[in-house]
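Undergrad: I'd like to ask some things about the structure below.
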Amino acid sequence: MHNLRVQRFAALLVTLSLTGMSVLQPAAAAIISTRAAIELGQRQARIDHINQVLARDEVRDMLVGMGVDPDDASSRINSLTDEELMALDQDMKNLPASGTGGLEVISIVAIVLIVLELLHVTNFFNEF
Amino acid sequence: MPRWALLWAAMAVVLLSAGCSSQGRLAKAALLEKSEGRPVELTGTPFHAQTTDQCGPAALATVLEAAGIETDPETIAAQVYIPARHGSLQIELLAATRNYGLLPYPVEPDLVTLLGEIQSGHPVLVLQNLGIGMLPIWHYAVVVGYLPQSNQFVLRSGKYRRHLVPALKFFRTWRRADTWGVVVLTPGESLAGRNEETVVAAVANLEAVGQTVAAAAAYQAAVREWPGYATAWLGLGNANYALGRLPLAEQAYQRVRVLDAGNVIALNNLALVQADLGRVVEALETIKTALSEAEASDALRGLVLQTRTEIRHRRPDAGI
């Protein structure tokens, strides 16, 4: 995760040096020229693009790190939209995934569920 | 620990059950009305008994097959299963569906709409939380029927081909998973009864991942259903443009213009089509209109100016 931030920052630096800092430093209080507004828009677009490229690699690496076949991981990220890529990049470890979690929580869950199930709040034991 | 857990569970029960009974009666009445007392069950929907952790691939294979795709959970698992998470993510289920050129459409989060989808022949892939909020147990299943006499939904779920769940109980497990559900639509099929904005956003995702032919067909169905919805026409124009169907793209952009005269994006894209069709002077006129519609602060203005530059380069003598 730390590495990710470093990469992001590096990407930002590269982008800024590409577009030139002058846009961000008006000489005095004045309206921003149309030209600058356009360049600002382009700069944001470039940052977004670079972040997406990074996200693509990161999500692929995360999938592989979580046991997905590398070839499958590559084709899987190709069918994601940019928004979906960003969502996975930010939160892949916490998004809901079907299947049960770690063993340590199972015993607590079981006790709670037995009670809830008896009171007809949940519907777990009918499923498995 | 067990004593603490029991106490906690008892508190949770009190909190969760508050207000449920009146809600339950309302839901039942609405479902009865929608069903007109007649049971509905998509008995032809295939079934795959889930192996360990494989409810995602099993459920997705089920709805894809119901939409006419030949596949099986093993094939799907390679596209959606994450070993370390012991499961599959919603985002990847959507992405895998698009991979087959099909349109995943998120259903509105209520039981009556869910029933409507089943009545129109679409099994609904749902995420459930079979545990509770803080101790979630996520599970994918496919809703294939509703029985008004017993007020139960019929699910393809886990090991059970025909799992009957009381409506309110199902709703609770569904709501604890943010009432997430999708149907798999074949691009071009009728979109009647669905939300136009949700549809067009879903089609735009299909377009964004390069399923352009499928997206064009789905946009076509969208403009048939909602002829007054400018964004659907814009999407149709863009998909057709990407496919090189310039006259069709032009028609679609012109339709946006009729519906929403100040739509800068449509004007910009229309100008590109006109230029591609060799009508550069007309294209530059359209750009002029686009620039007059775009506010000075509009981020789109820069793009329109770029388009103008590009069009001018095609015929340097054509100034405004």
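Scheme for the structure tokens: letters A, B, ... for chains in order shown; per-chain residue numbers from 1; ligand numbers from 1 in order shown.
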Give me, as JSON lines, each residue of chain B that comes within 6 Å of chain A, together with its shortest interatomic pair and the distance in Å at one decimal, counting only C-alpha atoms, with rows ordered by chain and rising residue number.
TA:
```
{"residue": "B:Ala9", "atom": "CA", "partner": "A:Val112", "partner_atom": "CA", "distance": 5.6}
{"residue": "B:Asp53", "atom": "CA", "partner": "A:Gly99", "partner_atom": "CA", "distance": 4.6}
{"residue": "B:Pro83", "atom": "CA", "partner": "A:Gly67", "partner_atom": "CA", "distance": 5.3}
{"residue": "B:Ala84", "atom": "CA", "partner": "A:Met66", "partner_atom": "CA", "distance": 4.7}
{"residue": "B:His86", "atom": "CA", "partner": "A:Gly99", "partner_atom": "CA", "distance": 5.4}
{"residue": "B:Gly87", "atom": "CA", "partner": "A:Ser98", "partner_atom": "CA", "distance": 4.4}
{"residue": "B:Ser88", "atom": "CA", "partner": "A:Ala97", "partner_atom": "CA", "distance": 5.0}
{"residue": "B:Leu89", "atom": "CA", "partner": "A:Ala97", "partner_atom": "CA", "distance": 5.0}
{"residue": "B:Ala95", "atom": "CA", "partner": "A:Ser79", "partner_atom": "CA", "distance": 5.4}
{"residue": "B:Leu130", "atom": "CA", "partner": "A:Phe124", "partner_atom": "CA", "distance": 5.2}
{"residue": "B:Trp138", "atom": "CA", "partner": "A:Ser98", "partner_atom": "CA", "distance": 4.4}
{"residue": "B:His139", "atom": "CA", "partner": "A:Ser98", "partner_atom": "CA", "distance": 4.9}
{"residue": "B:Val209", "atom": "CA", "partner": "A:Ser79", "partner_atom": "CA", "distance": 5.6}
{"residue": "B:Gly302", "atom": "CA", "partner": "A:Ile38", "partner_atom": "CA", "distance": 5.3}
```
Undergrad: Quick one: residues within 7 Å of region 42-48 of chain B, only C-alpha atoms counted, chain neighbours fewer than 6 positions away excluded, as an mmCIF file with C-alpha atoms, in the first residue's frame?
TA:
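around_18.cif, written as the output of this step:
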```
data_model
loop_
_atom_site.group_PDB
_atom_site.id
_atom_site.type_symbol
_atom_site.label_atom_id
_atom_site.label_comp_id
_atom_site.auth_asym_id
_atom_site.auth_seq_id
_atom_site.Cartn_x
_atom_site.Cartn_y
_atom_site.Cartn_z
ATOM 1 C CA ALA B 58 -22.488 -21.207 -9.961
ATOM 2 C CA THR B 62 -26.982 -20.084 -14.110
ATOM 3 C CA ALA B 66 -30.640 -18.776 -18.955
ATOM 4 C CA GLY B 121 -38.714 -14.328 -17.775
ATOM 5 C CA VAL B 144 -36.402 -17.921 -10.151
ATOM 6 C CA GLY B 145 -39.921 -17.819 -8.749
ATOM 7 C CA ARG B 156 -31.433 -21.707 -6.983
ATOM 8 C CA ARG B 161 -32.222 -26.591 -6.825
#
```
Undergrad: Taking the backbone alone, and naming residues the way the document does, which bits of region 106-317 of chain B are helix (DSSP H, G or I) by DSSP, as an mmCIF file with C-alpha atoms, in the first residue's frame?
TA:
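For reference, out_0.cif as written:
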```cif
data_model
loop_
_atom_site.group_PDB
_atom_site.id
_atom_site.type_symbol
_atom_site.label_atom_id
_atom_site.label_comp_id
_atom_site.auth_asym_id
_atom_site.auth_seq_id
_atom_site.Cartn_x
_atom_site.Cartn_y
_atom_site.Cartn_z
ATOM 1 C CA LEU B 111 -39.330 -7.092 -4.090
ATOM 2 C CA VAL B 112 -42.105 -6.015 -6.449
ATOM 3 C CA THR B 113 -39.624 -5.061 -9.184
ATOM 4 C CA LEU B 114 -37.768 -8.307 -8.532
ATOM 5 C CA LEU B 115 -41.014 -10.207 -9.054
ATOM 6 C CA GLY B 116 -41.632 -8.206 -12.244
ATOM 7 C CA GLU B 117 -38.294 -9.381 -13.644
ATOM 8 C CA ILE B 118 -39.175 -12.995 -12.948
ATOM 9 C CA GLN B 119 -42.588 -12.506 -14.547
ATOM 10 C CA ALA B 167 -40.514 -13.322 1.282
ATOM 11 C CA LEU B 168 -39.717 -11.235 4.327
ATOM 12 C CA LYS B 169 -36.834 -13.487 5.346
ATOM 13 C CA PHE B 170 -35.427 -13.247 1.848
ATOM 14 C CA PHE B 171 -35.827 -9.488 1.869
ATOM 15 C CA ARG B 172 -33.871 -9.187 5.121
ATOM 16 C CA THR B 173 -30.941 -11.186 3.799
ATOM 17 C CA TRP B 174 -31.080 -9.242 0.540
ATOM 18 C CA ARG B 175 -31.282 -5.858 2.241
ATOM 19 C CA GLU B 196 -33.815 4.456 -18.435
ATOM 20 C CA GLU B 197 -30.908 6.060 -16.607
ATOM 21 C CA THR B 198 -29.797 2.761 -15.100
ATOM 22 C CA VAL B 199 -30.084 1.070 -18.481
ATOM 23 C CA VAL B 200 -28.068 3.694 -20.335
ATOM 24 C CA ALA B 201 -25.374 3.741 -17.640
ATOM 25 C CA ALA B 202 -25.119 -0.044 -17.921
ATOM 26 C CA VAL B 203 -24.884 0.137 -21.713
ATOM 27 C CA ALA B 204 -22.236 2.846 -21.470
ATOM 28 C CA ASN B 205 -20.136 0.381 -19.437
ATOM 29 C CA LEU B 206 -20.593 -2.211 -22.149
ATOM 30 C CA GLU B 207 -19.433 0.379 -24.672
ATOM 31 C CA ALA B 208 -16.483 1.380 -22.466
ATOM 32 C CA THR B 212 -19.417 -1.892 -29.233
ATOM 33 C CA VAL B 213 -21.706 -4.072 -31.345
ATOM 34 C CA ALA B 214 -23.586 -5.204 -28.244
ATOM 35 C CA ALA B 215 -23.751 -1.617 -26.962
ATOM 36 C CA ALA B 216 -25.165 -0.343 -30.272
ATOM 37 C CA ALA B 217 -27.901 -2.984 -30.178
ATOM 38 C CA ALA B 218 -28.742 -2.136 -26.573
ATOM 39 C CA TYR B 219 -28.840 1.621 -27.278
ATOM 40 C CA GLN B 220 -31.133 0.894 -30.208
ATOM 41 C CA ALA B 221 -33.517 -0.902 -27.842
ATOM 42 C CA ALA B 222 -33.181 2.014 -25.402
ATOM 43 C CA VAL B 223 -34.221 4.661 -27.947
ATOM 44 C CA ARG B 224 -37.107 2.426 -29.008
ATOM 45 C CA GLU B 225 -38.273 2.328 -25.399
ATOM 46 C CA ALA B 230 -31.343 12.319 -25.289
ATOM 47 C CA THR B 231 -28.524 10.431 -23.557
ATOM 48 C CA ALA B 232 -29.646 7.152 -25.120
ATOM 49 C CA TRP B 233 -29.481 8.765 -28.582
ATOM 50 C CA LEU B 234 -26.043 10.167 -27.801
ATOM 51 C CA GLY B 235 -24.865 6.692 -26.835
ATOM 52 C CA LEU B 236 -26.371 5.248 -30.005
ATOM 53 C CA GLY B 237 -24.551 7.893 -32.023
ATOM 54 C CA ASN B 238 -21.229 7.172 -30.321
ATOM 55 C CA ALA B 239 -21.528 3.401 -30.700
ATOM 56 C CA ASN B 240 -22.442 3.732 -34.364
ATOM 57 C CA TYR B 241 -19.601 6.173 -34.900
ATOM 58 C CA ALA B 242 -17.158 3.705 -33.324
ATOM 59 C CA LEU B 246 -21.509 7.319 -40.018
ATOM 60 C CA PRO B 247 -24.978 8.023 -41.437
ATOM 61 C CA LEU B 248 -26.596 6.240 -38.491
ATOM 62 C CA ALA B 249 -24.357 8.140 -36.085
ATOM 63 C CA GLU B 250 -25.345 11.426 -37.709
ATOM 64 C CA GLN B 251 -29.049 10.621 -37.431
ATOM 65 C CA ALA B 252 -28.651 9.838 -33.753
ATOM 66 C CA TYR B 253 -26.742 13.059 -32.994
ATOM 67 C CA GLN B 254 -29.332 15.070 -34.940
ATOM 68 C CA ARG B 255 -31.981 13.495 -32.744
ATOM 69 C CA VAL B 256 -30.108 14.630 -29.637
ATOM 70 C CA ARG B 257 -30.074 18.112 -31.115
ATOM 71 C CA VAL B 258 -33.835 18.053 -31.537
ATOM 72 C CA LEU B 259 -34.340 16.867 -27.949
ATOM 73 C CA VAL B 264 -22.346 20.447 -26.579
ATOM 74 C CA ILE B 265 -21.141 16.837 -26.713
ATOM 75 C CA ALA B 266 -23.656 15.892 -29.386
ATOM 76 C CA LEU B 267 -22.770 18.995 -31.421
ATOM 77 C CA ASN B 268 -19.057 18.260 -31.146
ATOM 78 C CA ASN B 269 -19.513 14.671 -32.228
ATOM 79 C CA LEU B 270 -21.943 15.618 -34.973
ATOM 80 C CA ALA B 271 -19.316 17.992 -36.359
ATOM 81 C CA LEU B 272 -16.788 15.142 -36.437
ATOM 82 C CA VAL B 273 -19.199 12.913 -38.346
ATOM 83 C CA GLN B 274 -19.992 15.681 -40.814
ATOM 84 C CA ALA B 275 -16.279 16.230 -41.376
ATOM 85 C CA ASP B 276 -15.717 12.495 -41.809
ATOM 86 C CA VAL B 280 -16.259 20.295 -43.676
ATOM 87 C CA VAL B 281 -18.000 23.649 -44.018
ATOM 88 C CA GLU B 282 -21.131 22.262 -42.378
ATOM 89 C CA ALA B 283 -18.959 20.672 -39.697
ATOM 90 C CA LEU B 284 -17.362 24.008 -38.845
ATOM 91 C CA GLU B 285 -20.825 25.615 -38.650
ATOM 92 C CA THR B 286 -21.794 22.924 -36.118
ATOM 93 C CA ILE B 287 -18.625 23.648 -34.142
ATOM 94 C CA LYS B 288 -19.566 27.313 -34.101
ATOM 95 C CA THR B 289 -22.933 26.420 -32.595
ATOM 96 C CA ALA B 290 -21.225 24.161 -30.072
ATOM 97 C CA LEU B 291 -18.890 26.975 -29.010
ATOM 98 C CA SER B 292 -21.789 29.372 -28.608
ATOM 99 C CA GLU B 293 -23.535 26.841 -26.388
ATOM 100 C CA ALA B 299 -14.455 22.018 -19.528
ATOM 101 C CA LEU B 300 -15.953 20.757 -22.774
ATOM 102 C CA ARG B 301 -15.036 23.974 -24.525
ATOM 103 C CA GLY B 302 -11.423 22.897 -24.766
ATOM 104 C CA LEU B 303 -12.438 19.658 -26.408
ATOM 105 C CA VAL B 304 -14.634 21.479 -28.915
ATOM 106 C CA LEU B 305 -11.722 23.774 -29.784
ATOM 107 C CA GLN B 306 -9.533 20.717 -30.321
ATOM 108 C CA THR B 307 -12.170 19.256 -32.593
ATOM 109 C CA ARG B 308 -12.256 22.510 -34.555
ATOM 110 C CA THR B 309 -8.482 22.433 -34.978
ATOM 111 C CA GLU B 310 -8.659 18.859 -36.167
ATOM 112 C CA ILE B 311 -11.420 19.594 -38.665
ATOM 113 C CA ARG B 312 -9.593 22.660 -39.963
ATOM 114 C CA HIS B 313 -6.503 20.555 -40.557
ATOM 115 C CA ARG B 314 -8.474 18.392 -42.906
#
```
Undergrad: Which residue is closest to Leu125 (chain B)? Choose from B:Ala78, B:Glu108, B:Leu60, B:Glu70 and count only C-alpha atoms.
TA: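 Once distances to Leu125 (chain B) are computed over only C-alpha atoms, the minimum belongs to B:Leu60.
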Undergrad: Could you jot down the CA of Pro148 (chain B) to CA of Leu127 (chain B) separation for me, Å, one decimal place?
TA: 22.5 Å
Undergrad: Compare B:Tyr229, B:Pro123, B:Leu135, B:Trp180 by their minimum atom-to-atom distance to Ile91 (chain B), counting only C-alpha atoms, and give me the closest one.
TA: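 Nearest candidate to Ile91 (chain B) out of B:Tyr229, B:Pro123, B:Leu135, B:Trp180: B:Trp180.
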Undergrad: Step one, run DSSP on the backbone; step two, keep only residues of region 152-189 of chain B assigned to strand (DSSP E or B); then write them as a ChimeraX atom specification.
TA: /B:152-157,160-166,181-185
Undergrad: Could you dump the residues just selected with C-alpha atoms as an mmCIF file, in the first residue's frame?
TA:
```
data_model
loop_
_atom_site.group_PDB
_atom_site.id
_atom_site.type_symbol
_atom_site.label_atom_id
_atom_site.label_comp_id
_atom_site.auth_asym_id
_atom_site.auth_seq_id
_atom_site.Cartn_x
_atom_site.Cartn_y
_atom_site.Cartn_z
ATOM 1 C CA GLN B 152 -42.242 -17.544 -0.655
ATOM 2 C CA PHE B 153 -39.517 -16.917 -3.189
ATOM 3 C CA VAL B 154 -37.945 -19.824 -5.078
ATOM 4 C CA LEU B 155 -34.152 -19.715 -5.309
ATOM 5 C CA ARG B 156 -31.433 -21.707 -6.983
ATOM 6 C CA SER B 157 -29.112 -21.585 -4.007
ATOM 7 C CA TYR B 160 -30.593 -26.632 -3.426
ATOM 8 C CA ARG B 161 -32.222 -26.591 -6.825
ATOM 9 C CA ARG B 162 -35.488 -25.338 -5.406
ATOM 10 C CA HIS B 163 -34.912 -23.464 -2.187
ATOM 11 C CA LEU B 164 -38.097 -21.903 -0.757
ATOM 12 C CA VAL B 165 -37.618 -18.791 1.384
ATOM 13 C CA PRO B 166 -40.365 -16.711 3.024
ATOM 14 C CA GLY B 181 -29.322 -7.872 -7.800
ATOM 15 C CA VAL B 182 -28.807 -8.081 -11.557
ATOM 16 C CA VAL B 183 -30.551 -9.551 -14.530
ATOM 17 C CA VAL B 184 -28.686 -10.510 -17.681
ATOM 18 C CA LEU B 185 -30.223 -8.908 -20.759
#
```
Undergrad: Taking only C-alpha atoms into account, which of B:Leu32, B:Val142, B:Ile76, B:Leu94 comes nearest Val63 (chain B)?
TA: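 The answer is B:Val142, which sits nearest to Val63 (chain B).
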